[in-house]
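Novice: Just passing along the structure, written as structure tokens.
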Amino acid sequence: MSASAVSCANPSADPGWIACETCDLLLRRPVLGVRSKAHCPRCGKLLDRSRPDSLNRTFALALASLVLYVVAQTSIFMSFELDGLVQNARIMTGIRALFADDKWPLASLILLTAVLAPLLWNLSLLWVLVPLRLGARPPAAAVAMRFCREMANWAMLEVFLLAVLVTYSKLVAMAHVGIGPGGWAFGVLILVSAGTTASFDTEDAWDRIEAAR
């Protein structure tokens, strides 16, 4: 379906209006049916899509992401065996090695995108979701929502996994490389985190925040 374009003298005062992020066309907020989508009639940009039971699904996925994150960060990520010597590595093992080699910019970037940002994104999302599920307004809701969005932009688990796969392809020719529980949890974490992002309905969250005042 396409949203209808109409004029409005003061759209900012009416929450029933939205603007296309691509072409800035002003539109009346579409009413979506189950599993339906709304596209901009001018440029075809996806404006919105229905997310049934968004709050509960996102909450469940966010909790699962947090558990997987803890497992991925604390368990053995990869193991290397060469000439009978076995060395186990966790995610922080490589980051600490980079800091020890004075590669501070690279180490700091990996620490931010693969460790800190995903955790802060998850915690800020739960900060918003838990009170909403209880019918309450989250403390500092606007700050938490903006912070969650910023941390989502910095969380780059997929890029880190790609770097790990490249390293794996190079090391497997020289040594026996095994994937530990942390590695498997990290792979599942990427999928669950993507599902969390897809299921989170920002507009619904804002509506609930306003209603909880």
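By order of appearance in the structure tokens: chains A, B, ..., then residues from 1 within every chain, and ligands from 1 in the order shown.
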Taking the chain letters and numbering used in this document, name the residues of chain A that DSSP puts in strand (DSSP E or B), as a VMD selection string.
Specialist: chain A and resid 2 5 17 to 19 26 to 28 37 to 39 46 to 49 78 to 82 85 to 89 176 to 179
Novice: Any chance you can output those residues with N, CA and C atoms as a tab-separated table (two decimals), in the first residue's frame?
Specialist:
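Generated output (result_17.tsv):
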```
chain	number	residue	atom	x	y	z
A	2	SER	N	0.33	2.36	-0.45
A	2	SER	CA	1.05	3.62	-0.46
A	2	SER	C	0.34	4.60	0.44
A	5	ALA	N	-0.45	11.49	0.06
A	5	ALA	CA	0.21	12.77	0.30
A	5	ALA	C	-0.85	13.87	0.36
A	17	TRP	N	0.97	12.84	11.29
A	17	TRP	CA	1.70	13.16	10.06
A	17	TRP	C	3.13	12.64	10.14
A	18	ILE	N	3.65	12.22	9.01
A	18	ILE	CA	5.05	11.79	8.92
A	18	ILE	C	5.66	12.37	7.65
A	19	ALA	N	6.97	12.43	7.60
A	19	ALA	CA	7.68	12.89	6.41
A	19	ALA	C	8.58	11.77	5.92
A	26	LEU	N	5.46	15.12	2.72
A	26	LEU	CA	4.62	15.11	3.91
A	26	LEU	C	3.43	14.19	3.68
A	27	LEU	N	3.20	13.27	4.62
A	27	LEU	CA	2.17	12.25	4.44
A	27	LEU	C	1.34	12.08	5.70
A	28	ARG	N	0.10	11.75	5.49
A	28	ARG	CA	-0.73	11.32	6.62
A	28	ARG	C	-0.25	9.94	7.05
A	37	LYS	N	2.67	-3.16	4.65
A	37	LYS	CA	3.71	-2.15	4.58
A	37	LYS	C	3.16	-0.91	3.90
A	38	ALA	N	3.78	0.23	4.17
A	38	ALA	CA	3.40	1.49	3.52
A	38	ALA	C	4.65	2.07	2.86
A	39	HIS	N	4.49	2.47	1.59
A	39	HIS	CA	5.60	3.03	0.84
A	39	HIS	C	5.27	4.46	0.43
A	46	LEU	N	10.29	2.69	1.85
A	46	LEU	CA	9.47	2.04	2.87
A	46	LEU	C	9.28	3.00	4.04
A	47	LEU	N	8.04	3.36	4.32
A	47	LEU	CA	7.73	4.28	5.39
A	47	LEU	C	7.50	3.57	6.71
A	48	ASP	N	6.76	2.50	6.66
A	48	ASP	CA	6.42	1.80	7.90
A	48	ASP	C	5.91	0.41	7.54
A	49	ARG	N	5.96	-0.47	8.49
A	49	ARG	CA	5.39	-1.80	8.32
A	49	ARG	C	4.83	-2.26	9.66
A	78	MET	N	37.68	-19.04	20.07
A	78	MET	CA	38.38	-19.91	19.15
A	78	MET	C	39.53	-20.57	19.88
A	79	SER	N	39.94	-21.74	19.38
A	79	SER	CA	41.11	-22.44	19.92
A	79	SER	C	42.06	-22.75	18.77
A	80	PHE	N	43.35	-22.68	19.08
A	80	PHE	CA	44.39	-22.93	18.07
A	80	PHE	C	45.31	-24.04	18.58
A	81	GLU	N	45.53	-25.02	17.74
A	81	GLU	CA	46.44	-26.12	18.09
A	81	GLU	C	47.53	-26.22	17.05
A	82	LEU	N	48.79	-26.09	17.49
A	82	LEU	CA	49.95	-26.16	16.60
A	82	LEU	C	51.07	-26.90	17.31
A	85	LEU	N	50.54	-27.82	20.93
A	85	LEU	CA	50.25	-26.72	21.84
A	85	LEU	C	48.89	-26.13	21.51
A	86	VAL	N	48.07	-25.99	22.53
A	86	VAL	CA	46.72	-25.47	22.35
A	86	VAL	C	46.60	-24.12	23.04
A	87	GLN	N	46.06	-23.15	22.32
A	87	GLN	CA	45.83	-21.83	22.89
A	87	GLN	C	44.38	-21.43	22.66
A	88	ASN	N	43.70	-21.07	23.74
A	88	ASN	CA	42.31	-20.65	23.67
A	88	ASN	C	42.24	-19.12	23.66
A	89	ALA	N	41.33	-18.61	22.90
A	89	ALA	CA	41.19	-17.15	22.78
A	89	ALA	C	39.74	-16.74	22.95
A	176	HIS	N	45.42	-26.23	13.50
A	176	HIS	CA	44.03	-26.68	13.68
A	176	HIS	C	43.28	-25.62	14.46
A	177	VAL	N	42.23	-25.09	13.86
A	177	VAL	CA	41.45	-24.02	14.48
A	177	VAL	C	40.06	-24.53	14.80
A	178	GLY	N	39.66	-24.37	16.05
A	178	GLY	CA	38.34	-24.81	16.48
A	178	GLY	C	37.49	-23.64	16.94
A	179	ILE	N	36.20	-23.74	16.74
A	179	ILE	CA	35.25	-22.71	17.18
A	179	ILE	C	34.69	-23.13	18.54
```
Novice: May I have the residues within 12 Å of Glu150 in chain A as a ChimeraX atom specification, using only C-alpha atoms and disregarding those fewer than 4 positions away in the same chain?
Specialist: /A:113,117-118,120-122,124-125,143-146,154-155
Novice: How close does range 45-77 of chain A get to range 129-132 of chain A? List, as JSON lines, each residue of range 45-77 of chain A within 9 Å, its nearest atom pair and the distance in Å to one decimal, counting only C-alpha atoms.
Specialist:
```
{"residue": "A:Leu55", "atom": "CA", "partner": "A:Leu129", "partner_atom": "CA", "distance": 7.0}
{"residue": "A:Asn56", "atom": "CA", "partner": "A:Leu129", "partner_atom": "CA", "distance": 8.5}
{"residue": "A:Thr58", "atom": "CA", "partner": "A:Leu129", "partner_atom": "CA", "distance": 8.1}
{"residue": "A:Phe59", "atom": "CA", "partner": "A:Leu129", "partner_atom": "CA", "distance": 6.3}
```
Novice: Please determine, counting only C-alpha atoms, which residue among A:Pro181, A:Leu123, A:Gly135, A:Leu111 has the shortest atom-to-atom distance to Met156 in chain A.
Specialist: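 That would be A:Leu111, the residue with the smallest distance to Met156 in chain A.
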Novice: Report as a PyMOL selection string: the residues of chain A with a DSSP assignment of alpha helix (DSSP H), based on the backbone of this structure.
Specialist: chain A and resi 54-74+91-100+104-111+117-133+141-154+157-171+181-199+202-211
Novice: So that I can see what lies close to Phe200 in chain A, please list as number ranges by chain the residues with an atom at most 10 Å from it, counting only C-alpha atoms and leaving out residues fewer than 2 positions away in the same chain.
Specialist: A: 51, 53-59, 61-62, 125, 129, 195-198, 202-205
Novice: Selection from above, C-alpha atoms, as a short mmCIF file (atom, residue, chain, number, x, y, z; two decimals), in the first residue's frame, can you write it?
Specialist:
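Result written to result.cif:
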```cif
data_model
loop_
_atom_site.label_atom_id
_atom_site.label_comp_id
_atom_site.auth_asym_id
_atom_site.auth_seq_id
_atom_site.Cartn_x
_atom_site.Cartn_y
_atom_site.Cartn_z
CA ARG A 51 4.99 -5.37 13.69
CA ASP A 53 3.04 -7.65 19.32
CA SER A 54 6.22 -5.64 18.85
CA LEU A 55 6.77 -4.86 22.53
CA ASN A 56 6.72 -8.44 23.82
CA ARG A 57 8.62 -9.91 20.88
CA THR A 58 11.33 -7.27 21.08
CA PHE A 59 11.62 -7.74 24.84
CA LEU A 61 14.62 -11.11 21.70
CA ALA A 62 16.51 -8.41 23.64
CA LEU A 125 16.70 -0.99 24.76
CA LEU A 129 11.10 -1.95 27.20
CA GLY A 195 15.63 -9.90 14.71
CA THR A 196 15.47 -7.57 17.71
CA THR A 197 16.10 -4.53 15.52
CA ALA A 198 13.54 -5.66 12.95
CA THR A 202 9.88 2.85 17.36
CA GLU A 203 6.59 4.65 16.72
CA ASP A 204 4.71 2.23 18.96
CA ALA A 205 7.31 2.75 21.70
#
```
Novice: Leu161 in chain A: which residues within 10 Å, counting only C-alpha atoms, same-chain residues fewer than 2 positions away excluded, as a list in words?
Specialist: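 What passes the distance filter is Ala114, Met156, Leu157, Glu158, Val159, Ala163, Val164, Leu165, Val166, Thr167, Gly183, Phe186, Gly187 and Ile190 of chain A.
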Novice: Write the residues of the selection above to a file with N, CA and C atoms, as a PDB file, in the first residue's frame.
Specialist:
```
ATOM      1  N   ALA A 114      32.501  -3.938  18.843  1.00  0.00           N
ATOM      2  CA  ALA A 114      32.214  -5.360  19.069  1.00  0.00           C
ATOM      3  C   ALA A 114      31.911  -5.690  20.522  1.00  0.00           C
ATOM      4  N   MET A 156      28.726  -3.066  15.451  1.00  0.00           N
ATOM      5  CA  MET A 156      29.055  -3.661  14.148  1.00  0.00           C
ATOM      6  C   MET A 156      29.544  -5.092  14.341  1.00  0.00           C
ATOM      7  N   LEU A 157      28.676  -5.936  14.854  1.00  0.00           N
ATOM      8  CA  LEU A 157      29.039  -7.330  15.096  1.00  0.00           C
ATOM      9  C   LEU A 157      29.355  -8.055  13.796  1.00  0.00           C
ATOM     10  N   GLU A 158      28.635  -7.708  12.732  1.00  0.00           N
ATOM     11  CA  GLU A 158      28.846  -8.391  11.455  1.00  0.00           C
ATOM     12  C   GLU A 158      30.247  -8.125  10.901  1.00  0.00           C
ATOM     13  N   VAL A 159      30.721  -6.887  11.068  1.00  0.00           N
ATOM     14  CA  VAL A 159      32.061  -6.542  10.580  1.00  0.00           C
ATOM     15  C   VAL A 159      33.119  -7.319  11.359  1.00  0.00           C
ATOM     16  N   ALA A 163      35.845 -10.130   9.945  1.00  0.00           N
ATOM     17  CA  ALA A 163      37.283 -10.121  10.222  1.00  0.00           C
ATOM     18  C   ALA A 163      37.736 -11.449  10.812  1.00  0.00           C
ATOM     19  N   VAL A 164      36.905 -12.038  11.666  1.00  0.00           N
ATOM     20  CA  VAL A 164      37.239 -13.331  12.258  1.00  0.00           C
ATOM     21  C   VAL A 164      37.287 -14.424  11.196  1.00  0.00           C
ATOM     22  N   LEU A 165      36.341 -14.390  10.258  1.00  0.00           N
ATOM     23  CA  LEU A 165      36.317 -15.398   9.194  1.00  0.00           C
ATOM     24  C   LEU A 165      37.541 -15.283   8.288  1.00  0.00           C
ATOM     25  N   VAL A 166      37.967 -14.056   8.015  1.00  0.00           N
ATOM     26  CA  VAL A 166      39.176 -13.860   7.210  1.00  0.00           C
ATOM     27  C   VAL A 166      40.384 -14.420   7.947  1.00  0.00           C
ATOM     28  N   THR A 167      40.474 -14.140   9.240  1.00  0.00           N
ATOM     29  CA  THR A 167      41.580 -14.671  10.046  1.00  0.00           C
ATOM     30  C   THR A 167      41.537 -16.188  10.097  1.00  0.00           C
ATOM     31  N   GLY A 183      32.235 -18.534  20.117  1.00  0.00           N
ATOM     32  CA  GLY A 183      32.106 -18.276  18.693  1.00  0.00           C
ATOM     33  C   GLY A 183      30.725 -18.609  18.169  1.00  0.00           C
ATOM     34  N   PHE A 186      28.287 -16.112  19.454  1.00  0.00           N
ATOM     35  CA  PHE A 186      28.436 -14.843  18.740  1.00  0.00           C
ATOM     36  C   PHE A 186      27.691 -14.884  17.409  1.00  0.00           C
ATOM     37  N   GLY A 187      27.793 -15.992  16.704  1.00  0.00           N
ATOM     38  CA  GLY A 187      27.079 -16.125  15.435  1.00  0.00           C
ATOM     39  C   GLY A 187      25.573 -16.048  15.614  1.00  0.00           C
ATOM     40  N   ILE A 190      24.340 -12.442  16.418  1.00  0.00           N
ATOM     41  CA  ILE A 190      24.140 -11.560  15.262  1.00  0.00           C
ATOM     42  C   ILE A 190      22.732 -11.735  14.697  1.00  0.00           C
TER      43      ILE A 190
END
```
Novice: Interatomic distance between CA of Thr22 in chain A and CA of Val128 in chain A?
Specialist: 27.7 Å
Novice: Quick one: residues within 7 Å of Tyr69 in chain A, only C-alpha atoms, excluding same-chain residues fewer than 3 positions away - as a PyMOL selection string?
Specialist: chain A and resi 65-66+72-73+186+189
Novice: Could you list, as a VMD selection string, every residue within 7 Å of Val71 in chain A, counting only C-alpha atoms and ignoring same-chain residues fewer than 3 positions away?
Specialist: chain A and resid 67 to 68 74 to 75 182 185
Novice: Write a file of the just-selected residues containing C-alpha atoms, as a short mmCIF file (atom, residue, chain, number, x, y, z; two decimals), in the first residue's frame.
Specialist:
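As a result, part-v1.cif now contains:
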```cif
data_model
loop_
_atom_site.label_atom_id
_atom_site.label_comp_id
_atom_site.auth_asym_id
_atom_site.auth_seq_id
_atom_site.Cartn_x
_atom_site.Cartn_y
_atom_site.Cartn_z
CA VAL A 67 22.29 -13.84 27.37
CA LEU A 68 24.05 -14.66 24.10
CA THR A 74 33.01 -14.85 28.54
CA SER A 75 33.41 -18.21 26.78
CA GLY A 182 31.72 -18.17 22.47
CA ALA A 185 27.05 -17.85 20.61
#
```
Novice: What's the separation between CA of Gly44 in chain A and CA of Glu21 in chain A, in Å to one decimal place?
Specialist: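 So the two atoms, CA of Gly44 in chain A and CA of Glu21 in chain A, lie 11.0 Å apart.
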